[in-house]
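Quick look at final_6.cif (mmCIF, C-alpha atoms):
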```cif
data_start
#
loop_
_atom_site.group_PDB
_atom_site.id
_atom_site.type_symbol
_atom_site.label_atom_id
_atom_site.label_comp_id
_atom_site.auth_asym_id
_atom_site.auth_seq_id
_atom_site.Cartn_x
_atom_site.Cartn_y
_atom_site.Cartn_z
ATOM 1 C CA MET U 3 0.000 0.000 0.000
ATOM 2 C CA LEU U 4 1.095 3.556 -0.692
ATOM 3 C CA VAL U 5 0.142 4.528 2.864
ATOM 4 C CA ASP U 6 0.440 2.398 5.987
ATOM 5 C CA LEU U 7 -3.290 1.911 6.590
ATOM 6 C CA SER U 8 -2.688 0.862 10.200
ATOM 7 C CA ARG U 9 -1.978 4.587 10.838
ATOM 8 C CA VAL U 10 -5.408 5.617 9.511
ATOM 9 C CA ASP U 11 -8.409 5.981 11.822
ATOM 10 C CA PHE U 12 -11.301 4.891 9.604
ATOM 11 C CA SER U 13 -13.816 5.865 12.283
ATOM 12 C CA LYS U 14 -12.910 9.556 11.998
ATOM 13 C CA VAL U 15 -13.435 11.746 8.934
ATOM 14 C CA VAL U 16 -10.847 14.540 9.197
ATOM 15 C CA ILE U 17 -11.997 16.403 6.058
ATOM 16 C CA GLY U 18 -15.701 16.386 5.297
ATOM 17 C CA ILE U 19 -17.640 17.022 2.138
ATOM 18 C CA GLU U 20 -18.026 20.781 2.719
ATOM 19 C CA GLN U 21 -14.261 21.191 3.100
ATOM 20 C CA ILE U 22 -13.742 19.156 -0.071
ATOM 21 C CA ARG U 23 -16.271 21.308 -1.931
ATOM 22 C CA ALA U 24 -14.346 24.417 -0.876
ATOM 23 C CA VAL U 25 -11.357 23.040 -2.817
ATOM 24 C CA ASN U 26 -12.693 20.766 -5.577
ATOM 25 C CA ALA U 27 -15.217 22.088 -8.102
ATOM 26 C CA HIS U 28 -17.044 18.777 -8.730
ATOM 27 C CA ARG U 29 -20.731 18.658 -7.848
ATOM 28 C CA TYR U 30 -23.810 16.458 -8.096
ATOM 29 C CA GLU U 31 -23.219 13.102 -9.799
ATOM 30 C CA PHE U 32 -19.538 13.874 -10.246
ATOM 31 C CA GLU U 33 -18.633 14.307 -6.601
ATOM 32 C CA MET U 34 -16.578 11.137 -6.317
ATOM 33 C CA LEU U 35 -15.027 11.950 -2.962
ATOM 34 C CA ASP U 36 -17.230 11.883 0.150
ATOM 35 C CA GLY U 37 -14.563 12.496 2.766
ATOM 36 C CA ILE U 38 -10.943 12.112 3.767
ATOM 37 C CA TYR U 39 -9.730 10.000 6.668
ATOM 38 C CA TYR U 40 -6.066 10.955 6.484
ATOM 39 C CA LEU U 41 -3.971 13.775 5.023
ATOM 40 C CA ASN U 42 -0.196 13.948 5.481
ATOM 41 C CA ALA U 43 1.426 17.147 4.229
ATOM 42 C CA GLU U 44 4.950 15.850 4.830
ATOM 43 C CA ASP U 45 4.787 12.965 2.368
ATOM 44 C CA ARG U 46 1.892 14.497 0.366
ATOM 45 C CA SER U 47 -0.456 11.568 0.809
ATOM 46 C CA ALA U 48 -4.119 11.104 1.596
ATOM 47 C CA VAL U 49 -6.713 8.415 2.194
ATOM 48 C CA GLY U 50 -10.274 9.251 1.222
ATOM 49 C CA PHE U 51 -13.500 7.433 0.465
ATOM 50 C CA LYS U 52 -16.523 7.245 -1.811
ATOM 51 C CA LYS U 53 -19.663 5.496 -0.605
ATOM 52 C CA THR U 54 -21.644 3.811 -3.352
ATOM 53 C CA SER U 55 -25.339 2.947 -3.329
ATOM 54 C CA MET U 56 -28.068 1.481 -5.496
ATOM 55 C CA ASN U 57 -29.113 5.099 -6.200
ATOM 56 C CA ASP U 58 -25.869 6.050 -7.972
ATOM 57 C CA PHE U 59 -26.415 7.197 -11.558
ATOM 58 C CA TRP U 60 -24.318 4.405 -13.077
ATOM 59 C CA VAL U 61 -26.155 1.508 -11.412
ATOM 60 C CA ARG U 62 -29.096 1.384 -13.818
ATOM 61 C CA GLY U 63 -27.079 1.170 -17.008
ATOM 62 C CA HIS U 64 -23.654 -0.240 -16.196
ATOM 63 C CA ILE U 65 -24.379 -3.936 -16.567
ATOM 64 C CA PRO U 66 -28.088 -4.215 -15.682
ATOM 65 C CA GLY U 67 -28.741 -7.041 -13.270
ATOM 66 C CA ARG U 68 -25.127 -7.034 -12.101
ATOM 67 C CA PRO U 69 -24.110 -3.396 -11.656
ATOM 68 C CA LEU U 70 -20.430 -2.543 -11.295
ATOM 69 C CA MET U 71 -18.879 0.840 -10.662
ATOM 70 C CA PRO U 72 -17.233 1.842 -13.946
ATOM 71 C CA GLY U 73 -13.457 1.835 -13.812
ATOM 72 C CA VAL U 74 -13.349 5.324 -15.252
ATOM 73 C CA LEU U 75 -15.294 6.565 -12.196
ATOM 74 C CA ILE U 76 -12.834 4.878 -9.845
ATOM 75 C CA ALA U 77 -10.040 6.657 -11.727
ATOM 76 C CA GLU U 78 -12.022 9.921 -11.458
ATOM 77 C CA ALA U 79 -12.384 9.438 -7.700
ATOM 78 C CA ALA U 80 -8.630 8.887 -7.395
ATOM 79 C CA GLY U 81 -8.060 12.016 -9.488
ATOM 80 C CA GLN U 82 -10.296 14.071 -7.206
ATOM 81 C CA LEU U 83 -8.280 12.956 -4.186
ATOM 82 C CA CYS U 84 -5.076 13.924 -6.029
ATOM 83 C CA SER U 85 -6.603 17.314 -6.781
ATOM 84 C CA TYR U 86 -7.387 17.867 -3.109
ATOM 85 C CA VAL U 87 -3.821 16.971 -2.102
ATOM 86 C CA TYR U 88 -2.393 19.236 -4.791
ATOM 87 C CA ARG U 89 -4.542 22.233 -3.929
ATOM 88 C CA THR U 90 -4.188 22.011 -0.150
ATOM 89 C CA VAL U 91 -0.644 20.756 0.321
ATOM 90 C CA ILE U 92 1.398 21.523 -2.810
ATOM 91 C CA ASN U 93 -0.074 24.543 -4.620
ATOM 92 C CA LYS U 94 -2.347 26.630 -2.428
ATOM 93 C CA ARG U 95 -2.930 29.424 -4.952
ATOM 94 C CA PRO U 96 -6.650 30.238 -5.258
ATOM 95 C CA GLY U 97 -8.381 29.669 -8.554
ATOM 96 C CA ILE U 98 -6.264 26.702 -9.646
ATOM 97 C CA PHE U 99 -8.066 23.689 -11.086
ATOM 98 C CA LEU U 100 -6.163 20.424 -11.478
ATOM 99 C CA GLY U 101 -7.378 18.565 -14.544
ATOM 100 C CA PHE U 102 -6.488 15.164 -15.954
ATOM 101 C CA ALA U 103 -3.481 15.172 -18.256
ATOM 102 C CA GLY U 104 -3.205 11.398 -18.316
ATOM 103 C CA LEU U 105 -3.477 8.043 -16.640
ATOM 104 C CA GLU U 106 -0.535 5.672 -16.753
ATOM 105 C CA ASN U 107 0.101 2.099 -15.674
ATOM 106 C CA VAL U 108 -3.547 1.639 -14.723
ATOM 107 C CA LYS U 109 -4.718 -1.782 -13.615
ATOM 108 C CA PHE U 110 -8.190 -2.817 -12.554
ATOM 109 C CA ARG U 111 -7.890 -5.750 -10.162
ATOM 110 C CA GLY U 112 -11.425 -6.210 -8.897
ATOM 111 C CA MET U 113 -14.916 -4.794 -8.923
ATOM 112 C CA VAL U 114 -16.920 -2.364 -6.857
ATOM 113 C CA GLN U 115 -20.599 -3.125 -6.375
ATOM 114 C CA PRO U 116 -23.312 -0.753 -5.166
ATOM 115 C CA GLY U 117 -23.289 -0.448 -1.390
ATOM 116 C CA GLU U 118 -19.525 -0.786 -1.062
ATOM 117 C CA THR U 119 -17.284 1.996 0.167
ATOM 118 C CA VAL U 120 -14.269 2.640 -2.025
ATOM 119 C CA ILE U 121 -11.148 3.552 -0.069
ATOM 120 C CA LEU U 122 -8.908 5.808 -2.157
ATOM 121 C CA ILE U 123 -5.205 6.396 -1.614
ATOM 122 C CA ALA U 124 -3.115 9.070 -3.307
ATOM 123 C CA LYS U 125 0.521 10.001 -2.894
ATOM 124 C CA ALA U 126 2.173 12.779 -4.903
ATOM 125 C CA ARG U 127 5.392 11.489 -6.445
ATOM 126 C CA GLU U 128 6.540 14.126 -8.923
ATOM 127 C CA GLU U 129 5.848 17.830 -9.300
ATOM 128 C CA ARG U 130 6.803 20.239 -12.023
ATOM 129 C CA HIS U 131 5.541 23.666 -12.920
ATOM 130 C CA ARG U 132 2.800 22.360 -15.251
ATOM 131 C CA ARG U 133 2.394 18.774 -14.102
ATOM 132 C CA ILE U 134 1.985 16.546 -11.086
ATOM 133 C CA VAL U 135 2.102 12.769 -10.911
ATOM 134 C CA CYS U 136 0.382 10.893 -8.092
ATOM 135 C CA ASP U 137 0.454 7.192 -7.400
ATOM 136 C CA THR U 138 -3.047 6.010 -6.547
ATOM 137 C CA GLN U 139 -4.836 2.917 -5.308
ATOM 138 C CA ALA U 140 -8.424 1.982 -4.503
ATOM 139 C CA LEU U 141 -9.792 -0.755 -2.284
ATOM 140 C CA ALA U 142 -13.251 -2.236 -1.877
ATOM 141 C CA GLY U 143 -13.390 -4.053 1.417
ATOM 142 C CA ASP U 144 -9.839 -5.231 1.925
ATOM 143 C CA LYS U 145 -9.264 -5.993 -1.770
ATOM 144 C CA LEU U 146 -7.154 -3.824 -4.069
ATOM 145 C CA VAL U 147 -9.406 -3.025 -7.051
ATOM 146 C CA PHE U 148 -7.453 -0.270 -8.821
ATOM 147 C CA GLU U 149 -3.988 1.185 -9.070
ATOM 148 C CA GLY U 150 -2.372 3.642 -11.404
ATOM 149 C CA GLU U 151 -0.587 6.919 -11.889
ATOM 150 C CA VAL U 152 -2.720 10.032 -12.213
ATOM 151 C CA VAL U 153 -1.079 12.820 -14.171
ATOM 152 C CA GLY U 154 -2.591 16.213 -13.489
ATOM 153 C CA MET U 155 -2.162 19.623 -15.066
ATOM 154 C CA PRO U 156 -3.065 22.859 -13.294
ATOM 155 C CA PHE U 157 -5.399 25.185 -15.191
#
```
Turn this file's structure into structure tokens for me.
Amino acid sequence: MLVDLSRVDFSKVVIGIEQIRAVNAHRYEFEMLDGIYYLNAEDRSAVGFKKTSMNDFWVRGHIPGRPLMPGVLIAEAAGQLCSYVYRTVINKRPGIFLGFAGLENVKFRGMVQPGETVILIAKAREERHRRIVCDTQALAGDKLVFEGEVVGMPF
């Protein structure tokens, strides 16, 4: 794991949805980050979560009868956690939006079903003036379901 999860208190949300909204612009169906359990400014890492439910917009059409959270939405959730880390720990200038510039070395290793909570992990690895690279992972239960590098570009 990118972060030692034994150091994370999963019973305590340290950054709630309103604090996330103050930083990330995503709203409505595209809020893929419900809260953050852990944020470490020293090593630029975070552990957040997204709760899924049968009411999520993707459930009805993404494999009817056996709904699965689309991998692209898991990647989006990881990207939103990276954006929060970038904007609160690395580049605190107001008005900056961190957009996707790429995804690299992505692997989907399992599935997320409605009702599961996705645990998201992000750790900034490389920063340049116009680019940041974060290593990311996602878990459903105790199973790794996603990993990859999120490349972001500030706008």
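The shortest atom-to-atom distance to Gly104 (chain U), with only C-alpha atoms taken into account, belongs to U:Ala77 out of U:Ile38, U:Val10, U:Val49, U:Ala77.
Among the candidates U:Glu106, U:Glu31, U:Glu78, U:Glu20, the one nearest to Gly150 (chain U) when counting all atoms listed in the file is U:Glu106.
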Kindly provide, as a list in words, the polymer residues lying within 10 Å of (-5.3, 20.3, -3.1), counting only C-alpha atoms and using the coordinates exactly as they appear in the file.
Ile22, Val25, Asn26, Arg46, Gln82, Leu83, Cys84, Ser85, Tyr86, Val87, Tyr88, Arg89, Thr90, Val91, Ile92, Asn93, Lys94, Arg95, Ile98, Phe99 and Leu100 of chain U
Take the residues from that selection and write them out as a PDB file, keeping the file's coordinate frame, keeping C-alpha atoms.
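Contents of the output file part-v6.pdb:
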```
ATOM      1  CA  ILE U  22     -13.742  19.156  -0.071  1.00  0.00           C
ATOM      2  CA  VAL U  25     -11.357  23.040  -2.817  1.00  0.00           C
ATOM      3  CA  ASN U  26     -12.693  20.766  -5.577  1.00  0.00           C
ATOM      4  CA  ARG U  46       1.892  14.497   0.366  1.00  0.00           C
ATOM      5  CA  GLN U  82     -10.296  14.071  -7.206  1.00  0.00           C
ATOM      6  CA  LEU U  83      -8.280  12.956  -4.186  1.00  0.00           C
ATOM      7  CA  CYS U  84      -5.076  13.924  -6.029  1.00  0.00           C
ATOM      8  CA  SER U  85      -6.603  17.314  -6.781  1.00  0.00           C
ATOM      9  CA  TYR U  86      -7.387  17.867  -3.109  1.00  0.00           C
ATOM     10  CA  VAL U  87      -3.821  16.971  -2.102  1.00  0.00           C
ATOM     11  CA  TYR U  88      -2.393  19.236  -4.791  1.00  0.00           C
ATOM     12  CA  ARG U  89      -4.542  22.233  -3.929  1.00  0.00           C
ATOM     13  CA  THR U  90      -4.188  22.011  -0.150  1.00  0.00           C
ATOM     14  CA  VAL U  91      -0.644  20.756   0.321  1.00  0.00           C
ATOM     15  CA  ILE U  92       1.398  21.523  -2.810  1.00  0.00           C
ATOM     16  CA  ASN U  93      -0.074  24.543  -4.620  1.00  0.00           C
ATOM     17  CA  LYS U  94      -2.347  26.630  -2.428  1.00  0.00           C
ATOM     18  CA  ARG U  95      -2.930  29.424  -4.952  1.00  0.00           C
ATOM     19  CA  ILE U  98      -6.264  26.702  -9.646  1.00  0.00           C
ATOM     20  CA  PHE U  99      -8.066  23.689 -11.086  1.00  0.00           C
ATOM     21  CA  LEU U 100      -6.163  20.424 -11.478  1.00  0.00           C
TER      22      LEU U 100
END
```
Counting all atoms listed in the file, the residue of U:Gly117, U:Gly112, U:Gly50, U:Pro96 that sits nearest Asp144 (chain U):
U:Gly112
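For the choices U:Val15, U:Ala48, U:Leu70, U:Ala80, the atom-to-atom distance to Val152 (chain U) is smallest for U:Ala80 when using all atoms listed in the file.
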Identify which of the residues U:Glu128, U:Phe32, U:Tyr39, U:Gly63 lies closest to Ile17 (chain U), counting all atoms listed in the file when measuring atom-to-atom distances.
U:Tyr39
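Of the residues listed (U:Lys14, U:Arg23, U:His28, U:Arg127), U:Lys14 shows the shortest atom-to-atom separation from Tyr40 (chain U); distances use all atoms listed in the file.
Separating CA of Phe51 (chain U) from CA of Leu122 (chain U) is a distance of 5.5 Å.
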Ground truth for the PyMOL selection byres ((chain U and resi 58) around 12), written as a list in words
Tyr30, Glu31, Phe32, Glu33, Met34, Lys52, Lys53, Thr54, Ser55, Met56, Asn57, Phe59, Trp60, Val61, Arg62, Gly63, His64, Pro69, Leu70, Met71, Pro72, Leu75, Gln115, Pro116, Gly117 and Glu118 of chain U
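The two atoms in question, CA of Gly18 (chain U) and CA of Gly143 (chain U), are spaced 20.9 Å apart.
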Name every residue that the PyMOL selection byres ((chain U and resi 151) around 9) selects in this structure, writing the answer as JSON, numbers by chain with chains first and numbers rising.
{"U": [104, 105, 106, 107, 108, 135, 136, 137, 138, 139, 149, 150, 152, 153]}
Taking all atoms of region 145-155 of chain U that appear in the file, build a box with edges along x, y and z, extend it by 8 Å on every side, and state its centre and edge lengths in Å to one decimal, as lines of an AutoDock Vina configuration file.
```
center_x = -5.0
center_y = 6.8
center_z = -8.4
size_x = 24.8
size_y = 41.6
size_z = 29.3
```
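With CA of Gly81 (chain U) on one side and CA of Ala124 (chain U) on the other, the separation reads 8.4 Å.
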Write out as an NGL selection string which residues come within 9 Å of Leu146 (chain U) when counting only C-alpha atoms, dropping same-chain ones fewer than 4 positions away.
:U and (110-112 or 139-142)
If you keep C-alpha atoms, can you produce a file of those selected residues as a short mmCIF file (atom, residue, chain, number, x, y, z; two decimals), in the coordinates of the input?
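Result written to out_20.cif:
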```cif
data_model
loop_
_atom_site.label_atom_id
_atom_site.label_comp_id
_atom_site.auth_asym_id
_atom_site.auth_seq_id
_atom_site.Cartn_x
_atom_site.Cartn_y
_atom_site.Cartn_z
CA PHE U 110 -8.19 -2.82 -12.55
CA ARG U 111 -7.89 -5.75 -10.16
CA GLY U 112 -11.42 -6.21 -8.90
CA GLN U 139 -4.84 2.92 -5.31
CA ALA U 140 -8.42 1.98 -4.50
CA LEU U 141 -9.79 -0.76 -2.28
CA ALA U 142 -13.25 -2.24 -1.88
#
```
Explicit residue set for the PyMOL selection byres ((chain U and resi 4) around 7), as a PyMOL selection string:
chain U and resi 3+5-6+123+125
Supply region 53-86 of chain U as a PDB file, keeping the file's coordinate frame, with N, CA and C atoms built in where the input has gaps.
```
ATOM      1  N   LYS U  53     -18.633   6.490  -0.897  1.00  0.00           N
ATOM      2  CA  LYS U  53     -19.663   5.496  -0.605  1.00  0.00           C
ATOM      3  C   LYS U  53     -20.515   5.309  -1.846  1.00  0.00           C
ATOM      4  N   THR U  54     -20.783   4.080  -2.204  1.00  0.00           N
ATOM      5  CA  THR U  54     -21.644   3.811  -3.352  1.00  0.00           C
ATOM      6  C   THR U  54     -22.989   3.289  -2.853  1.00  0.00           C
ATOM      7  N   SER U  55     -24.010   3.443  -3.700  1.00  0.00           N
ATOM      8  CA  SER U  55     -25.339   2.947  -3.329  1.00  0.00           C
ATOM      9  C   SER U  55     -26.096   2.521  -4.580  1.00  0.00           C
ATOM     10  N   MET U  56     -27.211   1.881  -4.377  1.00  0.00           N
ATOM     11  CA  MET U  56     -28.068   1.481  -5.496  1.00  0.00           C
ATOM     12  C   MET U  56     -28.662   2.701  -6.202  1.00  0.00           C
ATOM     13  N   ASN U  57     -28.573   3.883  -5.594  1.00  0.00           N
ATOM     14  CA  ASN U  57     -29.113   5.099  -6.200  1.00  0.00           C
ATOM     15  C   ASN U  57     -28.109   5.839  -7.075  1.00  0.00           C
ATOM     16  N   ASP U  58     -26.861   5.369  -7.149  1.00  0.00           N
ATOM     17  CA  ASP U  58     -25.869   6.050  -7.972  1.00  0.00           C
ATOM     18  C   ASP U  58     -26.270   6.001  -9.441  1.00  0.00           C
ATOM     19  N   PHE U  59     -25.950   7.058 -10.176  1.00  0.00           N
ATOM     20  CA  PHE U  59     -26.415   7.197 -11.558  1.00  0.00           C
ATOM     21  C   PHE U  59     -25.965   6.068 -12.475  1.00  0.00           C
ATOM     22  N   TRP U  60     -24.866   5.434 -12.198  1.00  0.00           N
ATOM     23  CA  TRP U  60     -24.318   4.405 -13.077  1.00  0.00           C
ATOM     24  C   TRP U  60     -24.949   3.034 -12.863  1.00  0.00           C
ATOM     25  N   VAL U  61     -25.646   2.841 -11.768  1.00  0.00           N
ATOM     26  CA  VAL U  61     -26.155   1.508 -11.412  1.00  0.00           C
ATOM     27  C   VAL U  61     -27.129   0.985 -12.466  1.00  0.00           C
ATOM     28  N   ARG U  62     -28.043   1.821 -12.898  1.00  0.00           N
ATOM     29  CA  ARG U  62     -29.096   1.384 -13.818  1.00  0.00           C
ATOM     30  C   ARG U  62     -28.554   0.877 -15.146  1.00  0.00           C
ATOM     31  N   GLY U  63     -27.510   1.509 -15.661  1.00  0.00           N
ATOM     32  CA  GLY U  63     -27.079   1.170 -17.008  1.00  0.00           C
ATOM     33  C   GLY U  63     -25.749   0.452 -17.137  1.00  0.00           C
ATOM     34  N   HIS U  64     -24.962   0.409 -16.068  1.00  0.00           N
ATOM     35  CA  HIS U  64     -23.654  -0.240 -16.196  1.00  0.00           C
ATOM     36  C   HIS U  64     -23.771  -1.695 -15.744  1.00  0.00           C
ATOM     37  N   ILE U  65     -24.154  -2.501 -16.691  1.00  0.00           N
ATOM     38  CA  ILE U  65     -24.379  -3.936 -16.567  1.00  0.00           C
ATOM     39  C   ILE U  65     -25.654  -4.212 -15.752  1.00  0.00           C
ATOM     40  N   PRO U  66     -26.818  -3.958 -16.365  1.00  0.00           N
ATOM     41  CA  PRO U  66     -28.088  -4.215 -15.682  1.00  0.00           C
ATOM     42  C   PRO U  66     -28.156  -5.645 -15.140  1.00  0.00           C
ATOM     43  N   GLY U  67     -28.642  -5.749 -13.923  1.00  0.00           N
ATOM     44  CA  GLY U  67     -28.741  -7.041 -13.270  1.00  0.00           C
ATOM     45  C   GLY U  67     -27.491  -7.425 -12.496  1.00  0.00           C
ATOM     46  N   ARG U  68     -26.385  -6.801 -12.822  1.00  0.00           N
ATOM     47  CA  ARG U  68     -25.127  -7.034 -12.101  1.00  0.00           C
ATOM     48  C   ARG U  68     -24.290  -5.749 -12.160  1.00  0.00           C
ATOM     49  N   PRO U  69     -24.778  -4.687 -11.525  1.00  0.00           N
ATOM     50  CA  PRO U  69     -24.110  -3.396 -11.656  1.00  0.00           C
ATOM     51  C   PRO U  69     -22.712  -3.378 -11.035  1.00  0.00           C
ATOM     52  N   LEU U  70     -21.802  -2.728 -11.752  1.00  0.00           N
ATOM     53  CA  LEU U  70     -20.430  -2.543 -11.295  1.00  0.00           C
ATOM     54  C   LEU U  70     -20.067  -1.075 -11.468  1.00  0.00           C
ATOM     55  N   MET U  71     -19.342  -0.533 -10.519  1.00  0.00           N
ATOM     56  CA  MET U  71     -18.879   0.840 -10.662  1.00  0.00           C
ATOM     57  C   MET U  71     -17.899   0.896 -11.828  1.00  0.00           C
ATOM     58  N   PRO U  72     -18.138   1.760 -12.800  1.00  0.00           N
ATOM     59  CA  PRO U  72     -17.233   1.842 -13.946  1.00  0.00           C
ATOM     60  C   PRO U  72     -15.817   2.214 -13.515  1.00  0.00           C
ATOM     61  N   GLY U  73     -14.854   1.566 -14.131  1.00  0.00           N
ATOM     62  CA  GLY U  73     -13.457   1.835 -13.812  1.00  0.00           C
ATOM     63  C   GLY U  73     -13.084   3.288 -14.001  1.00  0.00           C
ATOM     64  N   VAL U  74     -13.658   3.925 -15.001  1.00  0.00           N
ATOM     65  CA  VAL U  74     -13.349   5.324 -15.252  1.00  0.00           C
ATOM     66  C   VAL U  74     -13.799   6.197 -14.077  1.00  0.00           C
ATOM     67  N   LEU U  75     -14.855   5.801 -13.365  1.00  0.00           N
ATOM     68  CA  LEU U  75     -15.294   6.565 -12.196  1.00  0.00           C
ATOM     69  C   LEU U  75     -14.383   6.322 -10.997  1.00  0.00           C
ATOM     70  N   ILE U  76     -13.828   5.131 -10.896  1.00  0.00           N
ATOM     71  CA  ILE U  76     -12.834   4.878  -9.845  1.00  0.00           C
ATOM     72  C   ILE U  76     -11.605   5.740 -10.103  1.00  0.00           C
ATOM     73  N   ALA U  77     -11.179   5.799 -11.366  1.00  0.00           N
ATOM     74  CA  ALA U  77     -10.040   6.657 -11.727  1.00  0.00           C
ATOM     75  C   ALA U  77     -10.367   8.124 -11.450  1.00  0.00           C
ATOM     76  N   GLU U  78     -11.596   8.545 -11.734  1.00  0.00           N
ATOM     77  CA  GLU U  78     -12.022   9.921 -11.458  1.00  0.00           C
ATOM     78  C   GLU U  78     -11.964  10.206  -9.955  1.00  0.00           C
ATOM     79  N   ALA U  79     -12.422   9.261  -9.151  1.00  0.00           N
ATOM     80  CA  ALA U  79     -12.384   9.438  -7.700  1.00  0.00           C
ATOM     81  C   ALA U  79     -10.943   9.592  -7.216  1.00  0.00           C
ATOM     82  N   ALA U  80     -10.050   8.773  -7.749  1.00  0.00           N
ATOM     83  CA  ALA U  80      -8.630   8.887  -7.395  1.00  0.00           C
ATOM     84  C   ALA U  80      -8.091  10.249  -7.817  1.00  0.00           C
ATOM     85  N   GLY U  81      -8.490  10.710  -9.006  1.00  0.00           N
ATOM     86  CA  GLY U  81      -8.060  12.016  -9.488  1.00  0.00           C
ATOM     87  C   GLY U  81      -8.553  13.148  -8.599  1.00  0.00           C
ATOM     88  N   GLN U  82      -9.766  13.034  -8.090  1.00  0.00           N
ATOM     89  CA  GLN U  82     -10.296  14.071  -7.206  1.00  0.00           C
ATOM     90  C   GLN U  82      -9.532  14.117  -5.888  1.00  0.00           C
ATOM     91  N   LEU U  83      -9.105  12.962  -5.403  1.00  0.00           N
ATOM     92  CA  LEU U  83      -8.280  12.956  -4.186  1.00  0.00           C
ATOM     93  C   LEU U  83      -6.923  13.593  -4.480  1.00  0.00           C
ATOM     94  N   CYS U  84      -6.340  13.294  -5.633  1.00  0.00           N
ATOM     95  CA  CYS U  84      -5.076  13.924  -6.029  1.00  0.00           C
ATOM     96  C   CYS U  84      -5.232  15.437  -6.108  1.00  0.00           C
ATOM     97  N   SER U  85      -6.343  15.884  -6.665  1.00  0.00           N
ATOM     98  CA  SER U  85      -6.603  17.314  -6.781  1.00  0.00           C
ATOM     99  C   SER U  85      -6.654  17.964  -5.403  1.00  0.00           C
ATOM    100  N   TYR U  86      -7.306  17.309  -4.459  1.00  0.00           N
ATOM    101  CA  TYR U  86      -7.387  17.867  -3.109  1.00  0.00           C
ATOM    102  C   TYR U  86      -5.992  17.984  -2.497  1.00  0.00           C
TER     103      TYR U  86
END
```
